[in-house]
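File shown: input16.txt (compact mmCIF, C-alpha atoms and all ligand atoms).
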# COMPACT_ATOMS: atom_id res chain seq x y z
CA MET R 1 4.86 21.99 -1.12
CA GLN R 2 4.22 21.93 2.60
CA ILE R 3 6.56 19.87 4.77
CA TYR R 4 5.09 18.76 8.09
CA TRP R 5 7.49 17.78 10.90
CA THR R 6 5.80 15.42 13.31
CA LYS R 7 6.59 12.92 16.06
CA ILE R 8 6.33 9.17 16.46
CA ASN R 9 3.78 8.58 19.22
CA LYS R 10 3.73 4.78 19.29
CA ILE R 11 5.51 1.83 17.68
CA ILE R 12 3.59 -1.41 17.19
CA GLU R 13 5.64 -4.58 16.67
CA GLU R 14 3.39 -6.30 14.13
CA THR R 15 5.77 -9.26 13.62
CA ALA R 16 9.44 -9.97 14.24
CA GLU R 17 10.44 -7.70 11.32
CA VAL R 18 7.41 -5.51 10.66
CA LYS R 19 6.64 -2.39 12.65
CA THR R 20 3.92 0.21 12.48
CA PHE R 21 5.03 3.71 13.40
CA LEU R 22 2.11 5.84 14.53
CA LEU R 23 2.75 9.53 13.91
CA ASP R 24 1.01 12.52 15.44
CA CYS R 25 -1.35 13.98 12.89
CA PRO R 26 -0.31 17.59 12.15
CA GLU R 27 -3.13 20.11 11.93
CA GLY R 28 -4.30 20.47 8.35
CA PHE R 29 -2.80 17.16 7.20
CA VAL R 30 -5.50 15.21 5.39
CA TRP R 31 -5.57 11.99 3.39
CA GLU R 32 -7.95 9.42 1.97
CA GLU R 33 -7.79 5.62 2.01
CA GLY R 34 -5.04 4.13 -0.14
CA ALA R 35 -2.84 7.22 0.22
CA HIS R 36 0.93 7.28 0.32
CA LEU R 37 3.25 10.03 1.47
CA HIS R 38 6.92 10.91 1.43
CA LEU R 39 8.53 10.08 4.76
CA ALA R 40 11.81 11.86 5.41
CA LEU R 41 14.39 11.93 8.16
CA ARG R 42 16.24 14.86 9.70
CA GLY R 43 18.86 16.23 7.33
CA PHE R 44 17.03 15.29 4.14
CA ASN R 45 16.66 18.93 3.05
CA GLU R 46 19.83 20.45 4.47
CA GLY R 47 22.04 20.19 1.40
CA GLU R 48 21.67 21.88 -1.99
CA LYS R 49 19.55 19.00 -3.25
CA PRO R 50 17.24 16.76 -1.19
CA ASN R 51 19.14 13.71 0.12
CA ARG R 52 17.21 10.80 -1.41
CA SER R 53 18.74 8.23 0.91
CA LEU R 54 16.76 9.91 3.71
CA ILE R 55 13.40 9.88 1.89
CA ARG R 56 11.03 6.97 1.13
CA HIS R 57 7.51 6.57 -0.24
CA MET R 58 5.28 4.93 2.37
CA SER R 59 1.59 4.05 2.37
CA ILE R 60 -0.59 5.31 5.18
CA SER R 61 -1.95 2.24 6.94
CA THR R 62 -4.54 4.11 9.03
CA LEU R 63 -7.72 6.07 8.37
CA PRO R 64 -7.96 9.73 9.48
CA ASN R 65 -10.51 8.81 12.19
CA GLU R 66 -7.84 6.70 13.92
CA ASN R 67 -6.16 10.03 14.74
CA SER R 68 -2.63 8.90 13.90
CA ILE R 69 -0.76 8.47 10.64
CA GLY R 70 0.31 4.82 10.46
CA ILE R 71 3.42 3.76 8.55
CA THR R 72 3.97 0.02 8.35
CA THR R 73 7.34 -1.25 7.17
CA ARG R 74 9.61 -4.26 7.25
CA ILE R 75 12.99 -3.60 8.86
CA LYS R 76 15.39 -6.49 8.44
CA GLU R 77 18.62 -6.74 10.37
CA GLN R 78 20.49 -5.86 7.16
CA CYS R 79 18.73 -2.70 6.04
CA SER R 80 19.22 0.64 4.35
CA GLU R 81 20.55 3.78 6.06
CA PHE R 82 16.95 5.10 6.05
CA LYS R 83 15.57 2.13 7.98
CA THR R 84 18.57 1.96 10.31
CA ILE R 85 17.86 5.55 11.40
CA LEU R 86 14.09 4.98 11.58
CA ARG R 87 14.58 1.90 13.77
CA GLU R 88 16.73 3.93 16.19
CA LEU R 89 14.32 6.87 16.39
CA GLY R 90 11.82 5.49 18.91
CA VAL R 91 8.79 7.21 20.42
CA GLY R 92 9.21 10.99 20.37
CA GLY R 93 11.53 10.85 17.33
CA GLU R 94 10.84 13.42 14.61
CA VAL R 95 10.12 12.73 10.96
CA ALA R 96 8.93 14.85 8.04
CA ILE R 97 5.95 14.00 5.86
CA PHE R 98 4.87 15.60 2.60
CA LYS R 99 3.29 15.10 -0.84
CA THR R 100 0.36 12.85 0.06
CA HIS R 101 -1.73 11.35 -2.69
CA SER R 102 -3.96 8.31 -3.18
CA ASN R 103 -3.74 6.35 -6.44
CA VAL R 104 -5.94 3.60 -5.03
CA PRO R 105 -9.04 4.96 -3.28
CA LEU R 106 -11.88 2.46 -2.84
CA LYS R 107 -13.99 2.59 -6.01
CA ARG R 108 -17.69 2.39 -5.29
CA GLU R 109 -19.00 1.17 -8.65
CA GLY R 110 -21.24 -1.67 -7.47
CA ARG R 111 -18.53 -4.24 -8.25
CA LYS R 112 -16.63 -6.74 -6.17
CA VAL R 113 -13.15 -5.58 -5.16
CA TYR R 114 -10.12 -7.90 -5.09
CA LEU R 115 -7.11 -6.73 -3.08
CA LEU R 116 -3.96 -8.57 -4.20
CA SER R 117 -0.81 -7.93 -2.21
CA SER R 118 2.50 -9.31 -1.12
CA GLY R 119 4.05 -8.84 2.32
CA VAL R 120 3.66 -5.36 3.81
CA GLY R 121 1.74 -4.36 0.66
CA LEU R 122 -1.26 -5.32 2.77
CA ALA R 123 -0.72 -2.06 4.72
CA THR R 124 -1.94 -0.05 1.72
CA PHE R 125 -5.22 -1.96 1.83
CA ARG R 126 -5.87 -1.78 5.57
CA PRO R 127 -7.60 1.65 5.32
CA LEU R 128 -9.62 0.55 2.26
CA VAL R 129 -11.02 -2.38 4.21
CA LEU R 130 -11.78 -0.22 7.28
CA ASP R 131 -13.48 2.33 5.06
CA TYR R 132 -15.58 -0.46 3.53
CA PHE R 133 -16.52 -1.82 6.97
CA GLU R 134 -17.69 1.67 7.95
CA ARG R 135 -19.66 2.16 4.75
CA ALA R 136 -20.28 -0.65 2.26
CA ASP R 137 -22.25 1.51 -0.21
CA ASN R 138 -21.83 0.50 -3.84
CA VAL R 139 -19.22 -2.15 -3.15
CA GLU R 140 -20.33 -5.70 -3.93
CA GLY R 141 -17.90 -7.19 -1.38
CA ILE R 142 -14.14 -7.40 -0.85
CA HIS R 143 -11.77 -10.33 -1.19
CA SER R 144 -8.17 -9.93 0.01
CA LEU R 145 -5.37 -12.26 -1.07
CA ASN R 146 -1.95 -11.75 0.51
CA VAL R 147 1.22 -13.75 0.00
CA ASP R 148 3.93 -13.64 2.64
CA SER R 149 6.70 -16.21 2.67
CA THR R 150 7.56 -15.40 6.30
CA LYS R 151 4.13 -16.87 7.26
CA GLU R 152 3.86 -14.03 9.78
CA PHE R 153 0.72 -12.51 8.36
CA LEU R 154 -0.26 -8.92 9.10
CA PHE R 155 -3.40 -7.28 10.54
CA THR R 156 -5.10 -10.66 11.03
CA SER R 157 -7.78 -9.22 13.32
CA ILE R 158 -9.01 -6.97 10.49
CA PHE R 159 -8.23 -9.29 7.59
CA GLU R 160 -10.51 -12.00 8.90
CA THR R 161 -13.29 -13.47 6.77
CA ALA R 162 -16.68 -12.08 7.78
CA SER R 163 -19.44 -13.39 5.52
CA ASP R 164 -22.04 -11.02 7.04
CA LYS R 165 -19.87 -8.15 5.78
CA LYS R 166 -19.23 -9.80 2.40
CA PHE R 167 -15.53 -9.80 3.23
CA THR R 168 -13.14 -12.68 2.64
CA SER R 169 -9.47 -12.81 3.47
CA GLN R 170 -6.94 -15.34 2.32
CA PHE R 171 -3.25 -15.62 3.25
CA VAL R 172 -0.82 -17.90 1.43
CA ASP R 173 2.89 -18.44 2.01
CA ASN R 174 4.14 -19.18 -1.51
CA ARG R 175 3.89 -17.69 -4.99
CA LYS R 176 2.66 -20.90 -6.65
CA ASP R 177 -0.50 -21.04 -4.50
CA TYR R 178 -0.84 -17.30 -4.78
CA TYR R 179 -0.89 -17.16 -8.59
CA GLY R 180 -3.18 -20.20 -8.71
CA GLU R 181 -5.66 -18.25 -6.55
CA VAL R 182 -5.32 -15.12 -8.71
CA GLU R 183 -6.32 -17.14 -11.76
CA LYS R 184 -9.43 -18.35 -9.94
CA LEU R 185 -10.37 -14.86 -8.73
CA ALA R 186 -10.05 -13.57 -12.28
CA SER R 187 -13.10 -15.61 -13.24
CA ASP R 188 -15.06 -12.56 -12.02
CA LYS R 189 -14.79 -10.53 -15.22
CA GLU R 190 -16.62 -7.59 -13.63
CA GLY R 191 -14.31 -7.38 -10.58
CA LEU R 192 -11.95 -4.54 -9.74
CA PHE R 193 -8.44 -5.84 -9.09
CA TYR R 194 -6.08 -3.78 -6.91
CA VAL R 195 -2.45 -4.91 -6.86
CA VAL R 196 0.28 -3.77 -4.42
CA GLY R 197 3.82 -5.13 -4.19
CA SER R 198 7.19 -4.96 -5.93
CA ASP R 199 7.38 -4.04 -9.62
CA GLU R 200 8.09 -7.66 -10.51
CA PHE R 201 5.02 -8.73 -8.51
CA LEU R 202 2.85 -6.14 -10.29
CA ALA R 203 4.07 -7.27 -13.70
CA GLN R 204 3.29 -10.92 -12.97
CA ASN R 205 -0.18 -10.16 -11.61
CA ILE R 206 -1.00 -7.88 -14.55
CA SER R 207 0.08 -10.52 -17.01
CA ILE R 208 -2.23 -13.14 -15.41
CA LEU R 209 -5.18 -10.75 -15.11
CA LEU R 210 -4.92 -9.57 -18.73
CA GLU R 211 -4.46 -13.16 -19.93
CA GLN R 212 -7.64 -14.11 -18.04
CA GLY R 213 -9.53 -11.37 -19.88
CA ILE R 214 -9.71 -8.69 -17.18
CA PRO R 215 -9.77 -5.31 -18.98
CA HIS R 216 -6.95 -2.95 -17.93
CA GLU R 217 -9.50 -0.37 -16.72
CA GLN R 218 -10.34 -2.83 -13.94
CA ILE R 219 -6.74 -3.13 -12.72
CA MET R 220 -5.67 -0.58 -10.08
CA LEU R 221 -2.03 0.01 -9.21
CA ASP R 222 -0.43 2.29 -6.64
CA LYS R 223 1.25 4.25 -9.45
CA HIS R 224 0.70 7.63 -11.02
CA GLU R 225 -1.21 7.48 -14.30
CA LYS R 226 1.85 7.55 -16.58
CA ARG R 227 3.63 4.70 -14.75
CA ARG R 228 0.35 2.79 -14.48
CA ASN R 229 -0.12 3.00 -18.22
CA GLU R 230 3.44 1.79 -18.81
CA PHE R 231 2.83 -1.20 -16.54
CA LEU R 232 -0.44 -2.02 -18.23
CA GLY R 233 1.06 -1.59 -21.69
CA ILE R 234 -1.36 1.19 -22.56
CA GLU R 235 -0.18 3.37 -25.44
CA MET R 236 -0.69 7.07 -24.79
CA PRO R 237 -1.51 9.35 -27.72
CA ALA R 238 1.57 11.32 -28.78
CA VAL R 239 1.46 14.96 -27.67
CA PRO R 240 1.88 17.26 -30.68
CA THR R 241 5.11 19.27 -30.31
CA ALA R 242 4.48 21.97 -32.89
C1 LIG R 301 3.54 4.36 -3.56
C2 LIG R 301 4.50 3.55 -2.69
C3 LIG R 301 4.09 3.13 -1.43
C4 LIG R 301 4.95 2.37 -0.62
N1 LIG R 301 4.53 1.99 0.61
C5 LIG R 301 5.36 1.28 1.42
C6 LIG R 301 4.93 0.88 2.72
O1 LIG R 301 3.81 1.17 3.17
N2 LIG R 301 5.79 0.17 3.48
C7 LIG R 301 7.05 -0.16 3.03
O2 LIG R 301 7.80 -0.79 3.78
N3 LIG R 301 7.48 0.21 1.83
C8 LIG R 301 6.68 0.92 1.00
N4 LIG R 301 7.10 1.31 -0.24
C9 LIG R 301 8.49 0.95 -0.67
C10 LIG R 301 9.48 1.87 0.04
O3 LIG R 301 9.46 3.17 -0.52
C11 LIG R 301 10.91 1.32 0.00
O4 LIG R 301 11.35 1.29 -1.34
C12 LIG R 301 11.02 -0.09 0.61
O5 LIG R 301 10.44 -0.14 1.89
C13 LIG R 301 12.48 -0.50 0.70
O6 LIG R 301 13.14 0.34 1.63
P1 LIG R 301 14.70 0.58 1.65
O7 LIG R 301 15.15 1.09 0.32
O8 LIG R 301 14.98 1.54 2.78
O9 LIG R 301 15.38 -0.80 1.80
P2 LIG R 301 15.34 -1.98 2.87
O10 LIG R 301 13.93 -2.41 3.11
O11 LIG R 301 16.17 -1.68 4.07
O12 LIG R 301 16.12 -3.05 2.02
C14 LIG R 301 15.61 -3.67 0.85
C15 LIG R 301 16.30 -5.04 0.75
O13 LIG R 301 17.72 -4.92 0.63
C16 LIG R 301 18.38 -5.53 1.74
N5 LIG R 301 19.45 -4.61 2.23
C17 LIG R 301 19.32 -3.26 2.37
N6 LIG R 301 20.48 -2.74 2.83
C18 LIG R 301 21.35 -3.78 2.97
C19 LIG R 301 22.68 -3.89 3.43
N7 LIG R 301 23.35 -2.81 3.80
N8 LIG R 301 23.23 -5.12 3.43
C20 LIG R 301 22.53 -6.20 3.02
N9 LIG R 301 21.26 -6.18 2.62
C21 LIG R 301 20.68 -4.97 2.58
C22 LIG R 301 17.31 -5.70 2.82
O14 LIG R 301 17.59 -6.79 3.67
C23 LIG R 301 16.08 -5.89 1.99
O15 LIG R 301 15.92 -7.23 1.61
C24 LIG R 301 6.25 2.06 -1.08
C25 LIG R 301 6.68 2.50 -2.34
C26 LIG R 301 5.81 3.22 -3.14
C27 LIG R 301 6.30 3.69 -4.49

As structure tokens, please, write out the structure in this file.
Amino acid sequence: MQIYWTKINKIIEETAEVKTFLLDCPEGFVWEEGAHLHLALRGFNEGEKPNRSLIRHMSISTLPNENSIGITTRIKEQCSEFKTILRELGVGGEVAIFKTHSNVPLKREGRKVYLLSSGVGLATFRPLVLDYFERADNVEGIHSLNVDSTKEFLFTSIFETASDKKFTSQFVDNRKDYYGEVEKLASDKEGLFYVVGSDEFLAQNISILLEQGIPHEQIMLDKHEKRRNEFLGIEMPAVPTA
């Protein structure tokens, strides 16, 4: 596993609590839309075992052609040790990145894509939408639905309805409206439904989508296959031990 140490080159204050840290892109570091990485702070690998309190999974909120690795996160006043240190780092501060992988690349299967997210979960979808704007091949259109109770919605200049691009974006500020909308969107039985948010949020969305008759193959989660199957209640064939 290659660990890349890199520097913060810019910090964007997206809202009062949400920041995007733009990191220099180390040579040889590549990713595709929907990717996440491990973000680690100095000291994480200095003991016998990696110090987990200094490591977090983060989605990459930029595309490679933006020439920086974007990490978008909410930092509340009361926050973890990890975020306290990150907040203090500032431009020029060093972080480590490693183990990049995308569970949710944009599928180009001639279907409509529904991006369902809560809060900063929208960051995972930002590169998918930009990728679609650059090349719409084999995507029937995208609809984004984001719920954020702070009402301080993210990336509103990108997540703006553009009918000429077959792109619609909806923001709501409460779960009741949100789940009502999900039910409506699930009337498209051919659609691909991507869901990003907390585990509880995923479970609730999955339950509605399955109930509405969306097959589990059409539900994408930012989880490795085994965890995805557990969430979707898919039984895996037992592996023979003998
Ligand atoms: C594939 C994947 C991708 C992900 N992508 C992202 C991403 O792009 N952006 C992102 O932000 N997260 C992402 N996450 C989640 C991320 O890894 C963290 O779990 C998440 O950001 C919470 O961070 P934290 O544990 O440092 O806690 P915090 O965010 O600091 O805290 C979590 C909650 O606990 C409260 N809290 C924490 N410490 C205290 C304290 N001392 N006193 C009182 N209250 C406290 C906070 O106020 C907050 O409500 C991703 C996870 C996965 C698995």

Residues of region 87-183 of chain R that have any atom at most 9 Å from an atom of region 61-80 of chain R: could you tabulate them with the shortest-distance atom pair and the distance in Å to one decimal, using all atoms listed in the file, ordered by chain and increasing number, as a Markdown table?
| residue | atom | partner | partner_atom | distance |
| --- | --- | --- | --- | --- |
| R:Arg87 | CA | R:Ile75 | CA | 7.5 |
| R:Gly119 | CA | R:Arg74 | CA | 8.7 |
| R:Val120 | CA | R:Thr73 | CA | 6.5 |
| R:Leu122 | CA | R:Ser61 | CA | 8.7 |
| R:Ala123 | CA | R:Ser61 | CA | 5.0 |
| R:Thr124 | CA | R:Ser61 | CA | 5.7 |
| R:Phe125 | CA | R:Ser61 | CA | 7.4 |
| R:Arg126 | CA | R:Ser61 | CA | 5.8 |
| R:Pro127 | CA | R:Leu63 | CA | 5.4 |
| R:Leu128 | CA | R:Leu63 | CA | 8.5 |
| R:Leu130 | CA | R:Leu63 | CA | 7.6 |
| R:Asp131 | CA | R:Leu63 | CA | 7.6 |

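Of the listed residues (R:Leu221, R:Val95, R:Leu39, R:Val18), R:Leu221 comes nearest to Ser117 (chain R); the distances count only C-alpha atoms.
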
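Here the question is which of R:Val104, R:Ile214, R:Val182, R:Leu23 gets nearest to Arg228 (chain R) using only C-alpha atoms, and that residue is R:Val104.
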
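With only C-alpha atoms and all ligand atoms as the atoms that count, the residue of R:His143, R:His216, R:Lys176, R:His101 with the shortest distance to ligand LIG 301 (chain R) is R:His101.
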
How big is the axis-aligned box around all listed atoms of ligand LIG 301 (chain R) once 5 Å goes on each side, and where's its centre, in Å to one decimal, as JSON?
{"center_x": 13.4, "center_y": -1.4, "center_z": -0.2, "size_x": 29.8, "size_y": 21.6, "size_z": 18.6}

Please measure the separation of CA of Glu225 (chain R) and CA of Asn103 (chain R), giving the value in Å to one decimal. 8.3 Å

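Atom pair CA of Lys151 (chain R) / CA of Gly90 (chain R) has a distance of 26.4 Å (rounded to one decimal).
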
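If you look at atom C25 of ligand LIG 301 (chain R) and CA of Met58 (chain R), they are 5.5 Å away from each other.
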
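The shell of residues at most 8 Å from Glu190 (chain R), with all atoms listed in the file counted and near chain neighbours (fewer than 2 positions) removed, consists of Arg111, Lys112, Asp188, Leu192, Ile214 and Gln218 of chain R.
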
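Minimum atom-to-atom distance to Ala16 (chain R), evaluated using only C-alpha atoms, belongs to R:Leu154 out of R:Leu154, R:Ala136, R:Val113, R:Ile85.
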
Check the smallest atom-to-atom distance from each of R:Lys49, R:Lys184, R:Arg175, R:Lys223 to Ser118 (chain R) using all atoms listed in the file, then report the winner. R:Arg175

Taking into account all atoms listed in the file, which residue in the set R:Phe98, R:Phe44, R:Phe29, R:Phe82 is nearest to ligand LIG 301 (chain R)? R:Phe82
